[in-house]
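Colleague: You'll find entry.cif just under this line, and it carries mmCIF, C-alpha atoms.
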data_structure
loop_
_atom_site.label_atom_id
_atom_site.label_comp_id
_atom_site.auth_asym_id
_atom_site.auth_seq_id
_atom_site.Cartn_x
_atom_site.Cartn_y
_atom_site.Cartn_z
CA MET R 1 93.79 72.27 72.19
CA ILE R 2 90.16 71.66 71.25
CA SER R 3 89.02 68.18 70.22
CA ALA R 4 89.59 67.56 66.52
CA TYR R 5 88.49 64.62 64.39
CA THR R 6 87.93 64.28 60.65
CA ILE R 7 84.41 63.71 59.39
CA SER R 8 85.45 60.34 57.92
CA GLY R 9 87.12 59.36 61.20
CA ILE R 10 83.93 60.14 63.09
CA ALA R 11 81.93 58.01 60.65
CA ASN R 12 84.17 55.06 61.51
CA ILE R 13 83.95 55.67 65.27
CA ILE R 14 80.14 55.77 65.34
CA ASN R 15 79.70 53.02 62.75
CA GLY R 16 77.93 55.39 60.38
CA ASP R 17 77.86 55.67 56.61
CA LEU R 18 79.44 58.75 55.06
CA ILE R 19 76.86 58.85 52.28
CA GLN R 20 77.88 62.23 50.88
CA SER R 21 81.20 63.96 51.31
CA ASN R 22 82.92 66.82 49.55
CA ASP R 23 85.81 66.68 52.00
CA PRO R 24 86.28 63.47 54.06
CA ASN R 25 89.19 65.13 55.88
CA PHE R 26 87.14 68.09 57.08
CA ILE R 27 88.15 68.77 60.70
CA ILE R 28 85.39 68.76 63.32
CA ARG R 29 85.99 70.72 66.51
CA GLU R 30 82.51 71.47 67.83
CA LEU R 31 79.38 69.37 68.32
CA ALA R 32 75.89 70.87 68.21
CA PHE R 33 72.28 69.77 68.43
CA ASP R 34 70.42 73.06 69.00
CA SER R 35 70.19 75.04 65.76
CA ARG R 36 69.24 78.21 67.68
CA LYS R 37 72.68 78.36 69.31
CA ILE R 38 74.66 78.11 66.08
CA GLN R 39 75.43 81.69 65.14
CA HIS R 40 78.42 81.43 62.84
CA GLU R 41 80.28 79.22 60.43
CA SER R 42 82.85 77.00 62.13
CA ASN R 43 84.02 73.41 62.31
CA ILE R 44 80.66 72.24 63.63
CA LEU R 45 79.07 68.80 63.39
CA PHE R 46 75.29 68.98 63.80
CA PHE R 47 73.46 66.00 65.29
CA ALA R 48 69.84 65.90 64.09
CA LEU R 49 68.36 64.55 67.32
CA VAL R 50 64.80 63.30 67.42
CA SER R 51 62.53 63.50 70.48
CA SER R 52 58.82 63.27 71.18
CA ARG R 53 58.64 67.07 70.87
CA ASN R 54 61.03 67.91 68.05
CA ASP R 55 63.06 66.65 65.11
CA GLY R 56 66.47 68.15 64.37
CA HIS R 57 66.29 67.10 60.71
CA LYS R 58 63.84 69.89 59.93
CA TYR R 59 66.45 72.54 60.76
CA ILE R 60 69.09 71.32 58.33
CA GLY R 61 67.88 73.65 55.58
CA ASP R 62 68.32 76.75 57.75
CA LEU R 63 71.71 75.60 58.97
CA TYR R 64 72.88 74.94 55.42
CA THR R 65 72.19 78.57 54.57
CA LYS R 66 74.53 79.49 57.47
CA ASN R 67 77.22 77.41 55.74
CA ILE R 68 77.09 74.56 58.27
CA GLN R 69 78.28 71.62 56.21
CA ASN R 70 78.48 68.57 58.49
CA TYR R 71 75.50 66.53 59.68
CA ILE R 72 74.66 63.31 61.50
CA VAL R 73 71.23 62.13 60.34
CA ASN R 74 68.99 59.10 60.76
CA ARG R 75 68.69 56.60 57.92
CA SER R 76 65.14 57.79 57.28
CA PHE R 77 66.42 61.21 56.12
CA LYS R 78 66.02 61.33 52.32
CA ASP R 79 66.85 64.95 51.44
CA VAL R 80 70.62 64.68 51.17
CA ASP R 81 70.60 65.69 47.49
CA LYS R 82 69.18 69.11 48.40
CA PHE R 83 72.45 70.01 50.11
CA PRO R 84 75.23 69.17 47.63
CA GLU R 85 78.02 70.99 49.51
CA ALA R 86 77.40 69.17 52.80
CA ASN R 87 78.90 66.09 54.43
CA PHE R 88 76.32 63.60 55.72
CA ILE R 89 76.81 60.62 58.01
CA GLN R 90 73.80 58.32 58.29
CA VAL R 91 73.24 56.30 61.46
CA ASP R 92 70.50 54.22 63.05
CA ASP R 93 70.11 56.59 66.01
CA THR R 94 71.61 60.09 66.18
CA LEU R 95 71.57 60.27 70.00
CA LYS R 96 73.41 56.96 70.31
CA ALA R 97 75.90 58.23 67.73
CA LEU R 98 76.59 61.31 69.88
CA GLN R 99 77.05 59.12 72.96
CA THR R 100 79.32 56.68 71.10
CA LEU R 101 81.56 59.51 69.89
CA ALA R 102 81.84 60.92 73.42
CA LYS R 103 82.62 57.47 74.81
CA HIS R 104 85.45 57.07 72.30
CA HIS R 105 86.78 60.53 73.12
CA ARG R 106 86.79 59.82 76.87
CA LYS R 107 88.95 56.72 76.30
CA GLN R 108 91.74 58.90 74.90
CA PHE R 109 92.44 60.38 78.37
CA ARG R 110 94.20 58.80 81.34
CA ILE R 111 93.45 61.48 83.89
CA PRO R 112 91.47 61.62 87.14
CA VAL R 113 87.78 62.20 86.47
CA ILE R 114 85.31 63.11 89.21
CA GLY R 115 81.75 61.96 88.55
CA ILE R 116 78.95 63.58 90.56
CA THR R 117 75.36 62.42 90.84
CA GLY R 118 72.44 62.84 93.22
CA SER R 119 68.91 64.19 93.30
CA ASN R 120 70.16 67.74 93.81
CA GLY R 121 73.35 69.66 94.55
CA LYS R 122 75.28 68.27 91.58
CA THR R 123 76.00 71.61 89.95
CA ALA R 124 76.84 73.35 93.24
CA VAL R 125 79.34 70.65 94.24
CA LYS R 126 80.90 70.72 90.76
CA GLU R 127 81.33 74.49 90.90
CA TRP R 128 82.77 74.37 94.43
CA LEU R 129 85.27 71.70 93.44
CA TYR R 130 86.33 73.74 90.43
CA GLN R 131 86.94 76.80 92.60
CA LEU R 132 88.95 74.75 95.09
CA LEU R 133 91.10 72.95 92.53
CA CYS R 134 91.48 75.28 89.54
CA ASP R 135 94.71 76.84 90.83
CA ASN R 136 96.40 73.44 90.85
CA TYR R 137 94.94 71.69 87.81
CA THR R 138 93.81 72.45 84.28
CA ILE R 139 90.20 71.35 84.67
CA THR R 140 87.55 70.44 82.12
CA TYR R 141 84.09 70.34 83.64
CA SER R 142 80.41 70.30 82.77
CA PRO R 143 79.12 73.68 81.60
CA ASN R 144 76.04 74.87 83.48
CA SER R 145 73.93 71.81 84.38
CA PHE R 146 74.89 69.62 81.43
CA ASN R 147 74.08 66.28 83.08
CA SER R 148 71.56 64.63 80.74
CA GLN R 149 71.85 61.98 78.03
CA ILE R 150 72.73 64.84 75.67
CA GLY R 151 74.56 67.17 78.07
CA VAL R 152 77.05 64.60 79.38
CA PRO R 153 78.47 63.67 75.93
CA LEU R 154 78.77 67.35 75.01
CA SER R 155 80.63 67.97 78.29
CA ILE R 156 83.04 65.06 77.75
CA TRP R 157 83.80 66.34 74.24
CA ASN R 158 85.47 69.36 75.88
CA LEU R 159 88.32 67.23 77.23
CA HIS R 160 91.51 68.33 75.48
CA SER R 161 95.23 67.61 75.45
CA ASN R 162 95.93 69.99 78.35
CA SER R 163 93.20 68.61 80.62
CA GLN R 164 94.61 67.34 83.92
CA LEU R 165 91.32 66.72 85.70
CA GLY R 166 87.70 66.24 84.65
CA ILE R 167 84.66 67.08 86.79
CA PHE R 168 81.34 65.97 85.33
CA GLU R 169 77.83 65.68 86.69
CA ALA R 170 75.35 63.01 85.62
CA GLY R 171 71.61 63.05 86.15
CA ILE R 172 68.93 60.48 85.42
CA SER R 173 65.15 60.40 85.42
CA LYS R 174 64.54 56.76 84.44
CA PRO R 175 66.05 53.29 85.04
CA ASP R 176 68.99 52.22 82.82
CA GLU R 177 69.97 55.78 81.91
CA MET R 178 72.95 55.78 84.27
CA ASN R 179 74.46 52.73 82.59
CA ILE R 180 74.80 54.82 79.42
CA LEU R 181 76.28 57.83 81.24
CA LYS R 182 78.69 55.67 83.21
CA GLU R 183 80.28 54.40 80.00
CA ILE R 184 80.69 57.96 78.77
CA VAL R 185 82.07 59.54 81.95
CA GLU R 186 84.02 56.56 83.39
CA PRO R 187 84.81 58.43 86.63
CA THR R 188 87.78 57.46 88.76
CA ILE R 189 86.38 59.33 91.79
CA GLY R 190 82.67 59.34 92.62
CA ILE R 191 80.56 61.73 94.65
CA LEU R 192 76.95 60.95 95.59
CA THR R 193 75.37 64.16 96.87
CA ASN R 194 72.04 62.74 98.11
CA VAL R 195 68.93 60.92 96.94
CA GLY R 196 65.56 62.68 97.19
CA THR R 197 62.10 62.52 95.65
CA ALA R 198 62.86 63.93 92.17
CA HIS R 199 61.58 61.62 89.38
CA ASP R 200 60.14 59.14 91.90
CA GLU R 201 57.35 58.30 89.47
CA HIS R 202 59.77 56.46 87.16
CA PHE R 203 61.20 54.13 89.81
CA MET R 204 59.64 51.29 91.78
CA ASP R 205 60.93 52.74 95.05
CA ILE R 206 63.74 54.80 96.55
CA LYS R 207 66.04 51.79 96.80
CA GLN R 208 65.83 51.17 93.07
CA LYS R 209 66.64 54.82 92.44
CA ILE R 210 69.68 54.66 94.73
CA GLY R 211 70.87 51.52 92.97
CA GLU R 212 70.52 53.17 89.57
CA LYS R 213 72.54 56.21 90.67
CA LEU R 214 75.26 53.99 92.13
CA ASN R 215 75.79 52.47 88.67
CA LEU R 216 77.86 55.54 87.82
CA PHE R 217 80.49 54.39 90.29
CA ARG R 218 81.02 50.78 89.24
CA ASN R 219 84.67 51.37 88.26
CA VAL R 220 85.71 54.24 90.53
CA GLU R 221 88.69 54.05 92.84
CA THR R 222 87.00 56.10 95.58
CA LEU R 223 83.38 56.93 96.38
CA ILE R 224 82.50 59.89 98.59
CA TYR R 225 79.06 59.94 100.23
CA CYS R 226 77.13 60.90 103.36
CA THR R 227 76.16 58.06 105.70
CA ASP R 228 73.25 59.95 107.27
CA ASN R 229 70.79 58.46 104.78
CA GLY R 230 70.66 54.86 105.98
CA LEU R 231 69.03 53.66 102.78
CA ILE R 232 72.07 54.71 100.74
CA THR R 233 74.37 52.72 103.01
CA GLU R 234 71.97 49.75 102.92
CA VAL R 235 71.81 49.63 99.12
CA LEU R 236 75.56 50.24 98.81
CA MET R 237 76.36 47.35 101.11
CA ARG R 238 74.18 45.04 98.99
CA THR R 239 76.24 45.77 95.91
CA GLU R 240 79.69 44.47 95.04
CA LEU R 241 81.06 48.03 95.08
CA THR R 242 82.26 47.91 98.68
CA LYS R 243 84.52 44.96 97.86
CA LYS R 244 86.53 46.74 95.20
CA ILE R 245 86.46 50.49 95.86
CA LYS R 246 87.55 52.77 98.67
CA LEU R 247 84.79 54.58 100.54
CA PHE R 248 85.21 58.06 101.99
CA THR R 249 82.28 58.87 104.26
CA TRP R 250 81.09 62.05 105.90
CA SER R 251 78.32 62.65 108.41
CA ARG R 252 76.61 65.28 110.54
CA LYS R 253 75.40 62.59 112.97
CA LYS R 254 78.04 59.88 113.27
CA ASP R 255 81.53 60.49 114.61
CA THR R 256 82.61 57.19 113.06
CA ALA R 257 82.57 58.70 109.54
CA ASP R 258 85.87 59.68 107.91
CA LEU R 259 84.77 63.30 108.20
CA TYR R 260 82.44 64.16 111.07
CA VAL R 261 80.80 67.56 110.65
CA LYS R 262 80.47 68.59 114.28
CA ASN R 263 78.95 72.04 114.00
CA ILE R 264 77.73 74.56 111.40
CA ASP R 265 77.63 78.12 112.66
CA LYS R 266 75.78 80.46 110.28
CA GLN R 267 76.84 84.10 110.71
CA ASN R 268 75.75 87.28 108.92
CA ASN R 269 77.85 86.94 105.76
CA SER R 270 79.66 83.67 106.30
CA THR R 271 79.44 80.19 107.77
CA GLU R 272 81.98 78.45 110.01
CA ILE R 273 82.10 74.67 109.79
CA THR R 274 83.76 72.60 112.50
CA GLY R 275 84.66 69.00 111.81
CA VAL R 276 86.83 66.09 112.85
CA TYR R 277 89.12 64.39 110.33
CA ASN R 278 91.89 61.91 111.19
CA GLN R 279 91.11 62.57 114.87
CA GLN R 280 91.99 66.22 114.38
CA ASN R 281 89.59 69.14 114.85
CA ILE R 282 89.38 71.31 111.73
CA LYS R 283 87.61 74.57 110.95
CA ILE R 284 86.78 76.19 107.64
CA LYS R 285 84.97 79.41 106.89
CA ILE R 286 82.96 79.92 103.72
CA PRO R 287 81.85 83.39 102.54
CA PHE R 288 78.11 82.77 102.42
#
Please express the file's structure as structure tokens.
Modeller:
Amino acid sequence: MISAYTISGIANIINGDLIQSNDPNFIIRELAFDSRKIQHESNILFFALVSSRNDGHKYIGDLYTKNIQNYIVNRSFKDVDKFPEANFIQVDDTLKALQTLAKHHRKQFRIPVIGITGSNGKTAVKEWLYQLLCDNYTITYSPNSFNSQIGVPLSIWNLHSNSQLGIFEAGISKPDEMNILKEIVEPTIGILTNVGTAHDEHFMDIKQKIGEKLNLFRNVETLIYCTDNGLITEVLMRTELTKKIKLFTWSRKKDTADLYVKNIDKQNNSTEITGVYNQQNIKIKIPF
């Protein structure tokens, strides 16, 4: 079952004003912010997002001609009367409204949620996990690389009544962004892929960047990470996280990790990985 809320219910959730409504009980099933990707009439709610490069409000006229009737707009939008058949919710900030709605939706689910972050590898790990687990669980996960301040809420919206597991990636480029994404995803299991040089210009140093990424995992039950980057371990040990969550470590260098990757043998069309887990030698073969 796809997510479904009434337009008036959404107004209450995001603390917006339903300033014009022909049908307060209109059911919303899809969220959209990119007018180019809306090809047909459906139960869509369009968020008129504003950035330094664009303003979603200027596309409302075109969307109205496609019979899109539900809009979230900023309080500065004054053209409501031009669209008499439409429902309009006015808010202070349309992006925050999208994030607030997703946060509310996430709270409706008591299921395991895996949150993945890191400088790279997020999408690959998400896709691998899906392939490994999809036979055993009904999984909702981030489409493509939806890991931004916009992409994460849209991904969370896809959680539905049959979801048994969520797998979502979260990416940041500036300080404080992860605090917002953490409240939307609320992962129960965390995976930190790595921390590299991407977006270094927005952080004081690598330690600050690591600390910001770790904010995603403040309430997880288990955090999975590689101990080979000593700075990650150093920053992690300075936080309070180690006192309240379980750590699962892996390493290519240290046999003291929970999973020690002993050898990686790359062959023509496959790779054989040898490791040690629970004092037992294990081997897996992957087809690339």
Colleague: Which residue is closest to R:Asn278? Choose from R:Thr256, R:Asn22, R:Asn194, R:Gln99 and count all atoms listed in the file.
Modeller: R:Thr256
Colleague: Taking the file as shown, find all residues satisfying the PyMOL selection byres ((chain R and resi 64) around 10) and write them as a list in words.
Modeller: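 So the PyMOL selection byres ((chain R and resi 64) around 10) ends up selecting Glu41, Tyr59, Ile60, Gly61, Asp62, Leu63, Thr65, Lys66, Asn67, Ile68, Gln69, Asn70, Tyr71, Lys82, Phe83, Pro84, Glu85 and Ala86 of chain R.
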Colleague: Which residues come within 12 Å of R:Val50, counting all atoms listed in the file, excluding same-chain residues fewer than 6 positions away, as a list in words?
Modeller: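 These residues fall inside the cut-off: Phe33, Asp34, Gly56, His57, Lys58, Tyr59, Ile72, Val73, Asn74, Ser76, Phe77, Asp92, Asp93, Thr94, Leu95, Lys96 and Ile150 of chain R.
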Colleague: Report the distance between atom CA of R:Asn219 and atom CA of R:Met237 in Å, rounded to one decimal place.
Modeller: 15.8 Å
Colleague: Just say which residues the PyMOL selection byres ((chain R and resi 201-217) around 6) picks in this file, as a tab-separated table (two decimals) with C-alpha atoms, in the frame of the given file.
Modeller:
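New file result-v3.tsv:
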chain	number	residue	atom	x	y	z
R	174	LYS	CA	64.54	56.76	84.44
R	182	LYS	CA	78.69	55.67	83.21
R	190	GLY	CA	82.67	59.34	92.62
R	199	HIS	CA	61.58	61.62	89.38
R	200	ASP	CA	60.14	59.14	91.90
R	218	ARG	CA	81.02	50.78	89.24
R	219	ASN	CA	84.67	51.37	88.26
R	220	VAL	CA	85.71	54.24	90.53
Colleague: Kindly add all heavy atoms to the incomplete stretch 207-218 of chain R and provide the output as an mmCIF file, keeping the file's coordinate frame.
Modeller:
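The file below, rebuild_23.cif, is the result:
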data_model
loop_
_atom_site.group_PDB
_atom_site.id
_atom_site.type_symbol
_atom_site.label_atom_id
_atom_site.label_comp_id
_atom_site.auth_asym_id
_atom_site.auth_seq_id
_atom_site.Cartn_x
_atom_site.Cartn_y
_atom_site.Cartn_z
ATOM 1 N N LYS R 207 64.877 52.675 96.858
ATOM 2 C CA LYS R 207 66.040 51.790 96.800
ATOM 3 C C LYS R 207 66.470 51.516 95.363
ATOM 4 O O LYS R 207 67.661 51.453 95.060
ATOM 5 C CB LYS R 207 65.748 50.473 97.534
ATOM 6 C CG LYS R 207 65.618 50.626 99.047
ATOM 7 C CD LYS R 207 65.377 49.283 99.722
ATOM 8 C CE LYS R 207 65.227 49.446 101.225
ATOM 9 N NZ LYS R 207 64.961 48.158 101.888
ATOM 10 N N GLN R 208 65.476 51.358 94.478
ATOM 11 C CA GLN R 208 65.830 51.170 93.070
ATOM 12 C C GLN R 208 66.529 52.407 92.529
ATOM 13 O O GLN R 208 67.517 52.317 91.795
ATOM 14 C CB GLN R 208 64.595 50.871 92.226
ATOM 15 C CG GLN R 208 64.976 50.558 90.766
ATOM 16 C CD GLN R 208 63.807 50.661 89.797
ATOM 17 O OE1 GLN R 208 62.777 51.278 90.101
ATOM 18 N NE2 GLN R 208 63.943 50.062 88.626
ATOM 19 N N LYS R 209 66.030 53.585 92.915
ATOM 20 C CA LYS R 209 66.640 54.820 92.440
ATOM 21 C C LYS R 209 68.082 54.945 92.923
ATOM 22 O O LYS R 209 68.971 55.324 92.167
ATOM 23 C CB LYS R 209 65.832 56.034 92.903
ATOM 24 C CG LYS R 209 66.325 57.335 92.288
ATOM 25 C CD LYS R 209 65.831 58.545 93.051
ATOM 26 C CE LYS R 209 64.354 58.721 92.897
ATOM 27 N NZ LYS R 209 63.883 59.985 93.517
ATOM 28 N N ILE R 210 68.316 54.625 94.191
ATOM 29 C CA ILE R 210 69.680 54.660 94.730
ATOM 30 C C ILE R 210 70.582 53.718 93.951
ATOM 31 O O ILE R 210 71.699 54.068 93.554
ATOM 32 C CB ILE R 210 69.685 54.305 96.229
ATOM 33 C CG1 ILE R 210 68.975 55.389 97.041
ATOM 34 C CG2 ILE R 210 71.119 54.118 96.732
ATOM 35 C CD1 ILE R 210 68.702 54.993 98.484
ATOM 36 N N GLY R 211 70.082 52.505 93.707
ATOM 37 C CA GLY R 211 70.870 51.520 92.970
ATOM 38 C C GLY R 211 71.227 52.000 91.573
ATOM 39 O O GLY R 211 72.344 51.797 91.090
ATOM 40 N N GLU R 212 70.271 52.649 90.905
ATOM 41 C CA GLU R 212 70.520 53.170 89.570
ATOM 42 C C GLU R 212 71.597 54.254 89.603
ATOM 43 O O GLU R 212 72.493 54.293 88.748
ATOM 44 C CB GLU R 212 69.234 53.731 88.965
ATOM 45 C CG GLU R 212 68.174 52.686 88.647
ATOM 46 C CD GLU R 212 68.524 51.825 87.439
ATOM 47 O OE1 GLU R 212 69.320 52.282 86.597
ATOM 48 O OE2 GLU R 212 67.998 50.705 87.340
ATOM 49 N N LYS R 213 71.535 55.148 90.581
ATOM 50 C CA LYS R 213 72.540 56.210 90.670
ATOM 51 C C LYS R 213 73.920 55.640 90.969
ATOM 52 O O LYS R 213 74.936 56.122 90.444
ATOM 53 C CB LYS R 213 72.130 57.227 91.742
ATOM 54 C CG LYS R 213 70.923 58.063 91.346
ATOM 55 C CD LYS R 213 70.581 59.095 92.394
ATOM 56 C CE LYS R 213 69.324 59.871 92.016
ATOM 57 N NZ LYS R 213 69.476 60.697 90.807
ATOM 58 N N LEU R 214 73.974 54.604 91.782
ATOM 59 C CA LEU R 214 75.260 53.990 92.130
ATOM 60 C C LEU R 214 75.937 53.339 90.931
ATOM 61 O O LEU R 214 77.152 53.094 90.963
ATOM 62 C CB LEU R 214 75.078 52.968 93.250
ATOM 63 C CG LEU R 214 74.764 53.535 94.645
ATOM 64 C CD1 LEU R 214 74.449 52.395 95.622
ATOM 65 C CD2 LEU R 214 75.927 54.372 95.172
ATOM 66 N N ASN R 215 75.186 53.068 89.869
ATOM 67 C CA ASN R 215 75.790 52.470 88.670
ATOM 68 C C ASN R 215 76.882 53.346 88.072
ATOM 69 O O ASN R 215 77.783 52.848 87.389
ATOM 70 C CB ASN R 215 74.724 52.191 87.611
ATOM 71 C CG ASN R 215 73.934 50.936 87.897
ATOM 72 O OD1 ASN R 215 74.432 50.013 88.535
ATOM 73 N ND2 ASN R 215 72.689 50.892 87.441
ATOM 74 N N LEU R 216 76.817 54.647 88.324
ATOM 75 C CA LEU R 216 77.860 55.540 87.820
ATOM 76 C C LEU R 216 79.223 55.203 88.381
ATOM 77 O O LEU R 216 80.254 55.480 87.763
ATOM 78 C CB LEU R 216 77.510 57.000 88.163
ATOM 79 C CG LEU R 216 78.491 58.084 87.711
ATOM 80 C CD1 LEU R 216 78.591 58.143 86.184
ATOM 81 C CD2 LEU R 216 78.096 59.444 88.271
ATOM 82 N N PHE R 217 79.242 54.557 89.543
ATOM 83 C CA PHE R 217 80.490 54.390 90.290
ATOM 84 C C PHE R 217 81.060 52.968 90.229
ATOM 85 O O PHE R 217 81.900 52.609 91.040
ATOM 86 C CB PHE R 217 80.249 54.776 91.756
ATOM 87 C CG PHE R 217 79.603 56.128 91.925
ATOM 88 C CD1 PHE R 217 78.450 56.275 92.674
ATOM 89 C CD2 PHE R 217 80.147 57.253 91.321
ATOM 90 C CE1 PHE R 217 77.850 57.520 92.831
ATOM 91 C CE2 PHE R 217 79.552 58.504 91.466
ATOM 92 C CZ PHE R 217 78.404 58.634 92.229
ATOM 93 N N ARG R 218 80.607 52.184 89.262
ATOM 94 C CA ARG R 218 81.020 50.780 89.240
ATOM 95 C C ARG R 218 82.535 50.598 89.115
ATOM 96 O O ARG R 218 83.077 49.611 89.611
ATOM 97 C CB ARG R 218 80.325 50.049 88.078
ATOM 98 C CG ARG R 218 78.838 49.863 88.280
ATOM 99 C CD ARG R 218 78.285 48.734 87.426
ATOM 100 N NE ARG R 218 78.613 48.886 86.023
ATOM 101 C CZ ARG R 218 77.857 49.521 85.136
ATOM 102 N NH1 ARG R 218 76.733 50.096 85.528
ATOM 103 N NH2 ARG R 218 78.203 49.594 83.876
#
